[in-house]
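Shown below: my_file_28.tsv, with TSV, C-alpha atoms.
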```tsv
chain	number	residue	atom	x	y	z
A	193	MET	CA	100.68	11.00	29.38
A	194	VAL	CA	101.17	13.33	26.40
A	195	MET	CA	104.44	15.23	26.08
A	196	ASP	CA	104.50	18.71	24.62
A	197	THR	CA	107.34	18.76	22.08
A	198	SER	CA	106.33	22.01	20.39
A	199	SER	CA	109.25	23.88	21.98
A	200	ASN	CA	111.67	21.49	20.22
A	201	LEU	CA	110.15	21.81	16.75
A	202	ASN	CA	112.58	24.52	15.70
A	203	ALA	CA	115.64	23.02	17.38
A	204	ASN	CA	117.19	21.88	14.10
A	205	THR	CA	115.99	24.54	11.69
A	206	ASN	CA	119.15	26.64	11.93
A	207	GLU	CA	120.55	26.91	8.41
A	208	ASP	CA	124.02	26.05	9.78
A	209	TRP	CA	122.82	22.71	11.14
A	210	GLY	CA	123.52	19.57	9.15
A	211	LEU	CA	124.48	15.91	9.18
A	212	CYS	CA	128.09	14.81	9.63
A	213	LYS	CA	127.99	12.65	6.48
A	214	GLU	CA	127.48	15.84	4.44
A	215	CYS	CA	130.04	17.95	6.34
A	216	LYS	CA	133.65	18.77	5.45
A	217	TRP	CA	134.59	18.61	9.15
A	218	TRP	CA	133.85	14.86	9.29
A	219	GLN	CA	136.99	12.74	8.88
A	220	ILE	CA	136.66	9.03	8.13
A	221	GLU	CA	138.90	6.07	7.32
A	222	PRO	CA	140.34	6.10	3.78
A	223	GLU	CA	138.38	2.97	2.75
A	224	ALA	CA	135.15	3.89	4.58
A	225	GLN	CA	131.85	4.45	2.81
A	226	ILE	CA	129.84	7.61	3.52
A	227	GLU	CA	126.89	6.09	5.37
A	228	ASP	CA	124.68	6.81	8.41
A	229	HIS	CA	126.51	4.39	10.70
A	230	THR	CA	130.07	5.06	9.53
A	231	LEU	CA	132.14	6.38	12.44
A	232	GLY	CA	134.65	9.18	12.11
A	233	LEU	CA	136.33	12.08	13.84
A	234	CYS	CA	134.89	15.60	13.98
A	235	ILE	CA	137.73	17.93	12.93
A	236	ASP	CA	135.93	21.26	13.32
A	237	GLU	CA	138.53	23.56	14.88
A	238	ASP	CA	136.30	24.48	17.85
A	239	LEU	CA	135.48	20.83	18.57
A	240	GLN	CA	138.93	19.23	18.05
A	241	PRO	CA	139.86	19.36	21.76
A	242	PHE	CA	136.98	16.96	22.49
A	243	ARG	CA	138.15	14.27	19.99
A	244	LEU	CA	134.52	13.58	19.06
A	245	ARG	CA	133.90	10.23	17.37
A	246	VAL	CA	130.63	10.65	15.50
A	247	SER	CA	128.50	8.70	13.03
A	248	GLY	CA	127.36	9.90	9.64
A	249	ASP	CA	123.84	10.49	10.94
A	250	SER	CA	125.08	12.69	13.80
A	251	GLY	CA	124.83	16.43	13.29
A	252	CYS	CA	125.35	19.86	14.78
A	253	ASP	CA	125.39	23.58	14.08
A	254	HIS	CA	129.09	23.67	13.14
A	255	PHE	CA	128.09	22.12	9.80
A	256	MET	CA	129.87	23.15	6.61
A	257	SER	CA	128.79	21.41	3.43
A	258	GLY	CA	131.47	19.44	1.64
A	259	PRO	CA	133.06	16.02	1.25
A	260	PRO	CA	134.63	14.38	4.31
A	261	ALA	CA	138.35	14.30	5.00
A	262	TYR	CA	140.15	10.95	5.16
A	263	ALA	CA	142.79	9.64	7.59
A	264	VAL	CA	143.70	6.28	9.13
A	265	GLY	CA	142.60	6.08	12.77
A	266	SER	CA	139.56	8.35	12.38
A	267	SER	CA	137.15	5.64	13.51
A	268	ALA	CA	139.28	4.28	16.36
A	269	ALA	CA	137.97	4.47	19.92
A	270	PRO	CA	139.33	6.92	20.90
A	271	PRO	CA	140.28	8.38	17.51
A	272	THR	CA	144.04	8.27	16.85
A	273	ALA	CA	144.10	10.26	13.60
A	274	GLN	CA	145.21	13.87	13.44
A	275	PRO	CA	142.91	16.38	11.68
A	276	THR	CA	143.85	16.62	8.00
A	277	ARG	CA	142.30	20.00	7.20
```
Give the structure from the file, written as structure tokens.
Amino acid sequence: MVMDTSSNLNANTNEDWGLCKECKWWQIEPEAQIEDHTLGLCIDEDLQPFRLRVSGDSGCDHFMSGPPAYAVGSSAAPPTAQPTR
């Protein structure tokens, strides 16, 4: 069976889409390294109510380029840190 994925080819071409590890809305532990599998809290204002714990290689269209924020408890499950920005 062959799946037609052509309709998904443009799914991530939005210029606002990007990886969490390159986004200023990603908040990680103070001693954490910025890596694909580092877990942190998404602190985008629209997404804060969901307390999203995401990895560096996660991504979405709320992306804003910049260094991550840092706070203790950002990688906890569920995250216990408060947004710092």
Practice task
List the neighbours of A:Ala261 out to 10 Å using only C-alpha atoms; skip same-chain residues closer than 3 positions along the sequence, and give me the result as number ranges by chain.
Solution key: A: 215-222, 232-235, 258, 266, 275-277
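Near A:Asp238, within a cut-off of 12 Å and counting all atoms listed in the file, sit the residues Trp217, Cys234, Ile235, Pro241, Phe242, Arg243, Leu244, Asp253, His254 and Phe255 of chain A, with same-chain residues fewer than 3 positions away left out.
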Using only C-alpha atoms, please write the residues we just selected to a file, as an mmCIF file, keeping the file's coordinate frame.
```cif
data_model
loop_
_atom_site.group_PDB
_atom_site.id
_atom_site.type_symbol
_atom_site.label_atom_id
_atom_site.label_comp_id
_atom_site.auth_asym_id
_atom_site.auth_seq_id
_atom_site.Cartn_x
_atom_site.Cartn_y
_atom_site.Cartn_z
ATOM 1 C CA TRP A 217 134.590 18.610 9.150
ATOM 2 C CA CYS A 234 134.890 15.600 13.980
ATOM 3 C CA ILE A 235 137.730 17.930 12.930
ATOM 4 C CA PRO A 241 139.860 19.360 21.760
ATOM 5 C CA PHE A 242 136.980 16.960 22.490
ATOM 6 C CA ARG A 243 138.150 14.270 19.990
ATOM 7 C CA LEU A 244 134.520 13.580 19.060
ATOM 8 C CA ASP A 253 125.390 23.580 14.080
ATOM 9 C CA HIS A 254 129.090 23.670 13.140
ATOM 10 C CA PHE A 255 128.090 22.120 9.800
#
```
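We find atom CA of A:Arg245 and atom CA of A:Leu231 to be spaced 6.5 Å apart.
Take atom CA of A:Leu211 and atom CA of A:Leu239: the distance between them is 15.3 Å.
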Problem - For A:Ser247: contacts at 8 Å, only C-alpha atoms, fewer than 2 positions along chain excluded, given as a count of residues only - result: 10
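Pairwise distance (atom CA of A:Tyr262, atom CA of A:Glu237) equals 16.0 Å.
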Exercise for the section: Counting all atoms listed in the file, figure out which residue out of A:Glu223, A:Asp208, A:Pro260, A:Gly265 gets nearest to A:Gly248. Expected result: A:Pro260
Six-sided padding of 6 Å per side, axis-aligned box over stretch 253-268 of chain A, centre and edges in Å, one decimal, as lines of an AutoDock Vina configuration file:
```
center_x = 134.5
center_y = 14.0
center_z = 8.8
size_x = 30.3
size_y = 31.4
size_z = 27.1
```
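Using all atoms listed in the file, the shortest contact distance between A:Gly210 and any of A:Ala263, A:Ala273, A:Ala268, A:Met256 is found at A:Met256.
Proximity ranking of A:Val246, A:Ser257, A:Glu214, A:Cys252 relative to A:Pro270 places A:Val246 first, based on only C-alpha atoms.
Minimum atom-to-atom distance to A:Ala224, evaluated using only C-alpha atoms, belongs to A:Ser267 out of A:Gly251, A:Ser267, A:Glu207, A:Asp236.
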Missing atoms in stretch 208-227 of chain A: fill them in up to N, CA and C atoms and send the result as a PDB file, in the frame of the given file.
```pdb
ATOM      1  N   ASP A 208     122.666  26.568   9.611  1.00  0.00           N
ATOM      2  CA  ASP A 208     124.020  26.050   9.780  1.00  0.00           C
ATOM      3  C   ASP A 208     124.039  24.618  10.289  1.00  0.00           C
ATOM      4  N   TRP A 209     122.887  24.067  10.601  1.00  0.00           N
ATOM      5  CA  TRP A 209     122.820  22.710  11.140  1.00  0.00           C
ATOM      6  C   TRP A 209     122.827  21.713   9.991  1.00  0.00           C
ATOM      7  N   GLY A 210     123.525  20.597  10.178  1.00  0.00           N
ATOM      8  CA  GLY A 210     123.520  19.570   9.150  1.00  0.00           C
ATOM      9  C   GLY A 210     124.097  18.267   9.660  1.00  0.00           C
ATOM     10  N   LEU A 211     123.996  17.237   8.832  1.00  0.00           N
ATOM     11  CA  LEU A 211     124.480  15.910   9.180  1.00  0.00           C
ATOM     12  C   LEU A 211     125.978  15.782   8.925  1.00  0.00           C
ATOM     13  N   CYS A 212     126.647  15.014   9.769  1.00  0.00           N
ATOM     14  CA  CYS A 212     128.090  14.810   9.630  1.00  0.00           C
ATOM     15  C   CYS A 212     128.442  14.223   8.262  1.00  0.00           C
ATOM     16  N   LYS A 213     127.641  13.301   7.750  1.00  0.00           N
ATOM     17  CA  LYS A 213     127.990  12.650   6.480  1.00  0.00           C
ATOM     18  C   LYS A 213     127.989  13.616   5.296  1.00  0.00           C
ATOM     19  N   GLU A 214     127.494  14.827   5.492  1.00  0.00           N
ATOM     20  CA  GLU A 214     127.480  15.840   4.440  1.00  0.00           C
ATOM     21  C   GLU A 214     128.395  17.017   4.780  1.00  0.00           C
ATOM     22  N   CYS A 215     129.233  16.844   5.808  1.00  0.00           N
ATOM     23  CA  CYS A 215     130.040  17.950   6.340  1.00  0.00           C
ATOM     24  C   CYS A 215     131.533  17.749   6.063  1.00  0.00           C
ATOM     25  N   LYS A 216     132.211  18.839   5.707  1.00  0.00           N
ATOM     26  CA  LYS A 216     133.650  18.770   5.450  1.00  0.00           C
ATOM     27  C   LYS A 216     134.474  18.599   6.716  1.00  0.00           C
ATOM     28  N   TRP A 217     133.867  18.782   7.874  1.00  0.00           N
ATOM     29  CA  TRP A 217     134.590  18.610   9.150  1.00  0.00           C
ATOM     30  C   TRP A 217     134.526  17.175   9.662  1.00  0.00           C
ATOM     31  N   TRP A 218     133.924  16.278   8.911  1.00  0.00           N
ATOM     32  CA  TRP A 218     133.850  14.860   9.290  1.00  0.00           C
ATOM     33  C   TRP A 218     135.025  14.153   8.630  1.00  0.00           C
ATOM     34  N   GLN A 219     135.819  13.451   9.399  1.00  0.00           N
ATOM     35  CA  GLN A 219     136.990  12.740   8.880  1.00  0.00           C
ATOM     36  C   GLN A 219     136.804  11.257   9.108  1.00  0.00           C
ATOM     37  N   ILE A 220     136.903  10.471   8.046  1.00  0.00           N
ATOM     38  CA  ILE A 220     136.660   9.030   8.130  1.00  0.00           C
ATOM     39  C   ILE A 220     137.868   8.251   7.601  1.00  0.00           C
ATOM     40  N   GLU A 221     137.837   6.950   7.810  1.00  0.00           N
ATOM     41  CA  GLU A 221     138.900   6.070   7.320  1.00  0.00           C
ATOM     42  C   GLU A 221     138.974   6.134   5.798  1.00  0.00           C
ATOM     43  N   PRO A 222     140.174   6.001   5.231  1.00  0.00           N
ATOM     44  CA  PRO A 222     140.340   6.100   3.780  1.00  0.00           C
ATOM     45  C   PRO A 222     139.460   5.138   2.968  1.00  0.00           C
ATOM     46  N   GLU A 223     139.189   3.957   3.482  1.00  0.00           N
ATOM     47  CA  GLU A 223     138.380   2.970   2.750  1.00  0.00           C
ATOM     48  C   GLU A 223     136.912   2.982   3.153  1.00  0.00           C
ATOM     49  N   ALA A 224     136.525   3.872   4.054  1.00  0.00           N
ATOM     50  CA  ALA A 224     135.150   3.890   4.580  1.00  0.00           C
ATOM     51  C   ALA A 224     134.162   4.438   3.541  1.00  0.00           C
ATOM     52  N   GLN A 225     132.944   3.957   3.624  1.00  0.00           N
ATOM     53  CA  GLN A 225     131.850   4.450   2.810  1.00  0.00           C
ATOM     54  C   GLN A 225     131.125   5.554   3.586  1.00  0.00           C
ATOM     55  N   ILE A 226     130.617   6.539   2.884  1.00  0.00           N
ATOM     56  CA  ILE A 226     129.840   7.610   3.520  1.00  0.00           C
ATOM     57  C   ILE A 226     128.433   7.080   3.760  1.00  0.00           C
ATOM     58  N   GLU A 227     128.170   6.668   4.997  1.00  0.00           N
ATOM     59  CA  GLU A 227     126.890   6.090   5.370  1.00  0.00           C
ATOM     60  C   GLU A 227     126.485   6.580   6.763  1.00  0.00           C
TER      61      GLU A 227
END
```
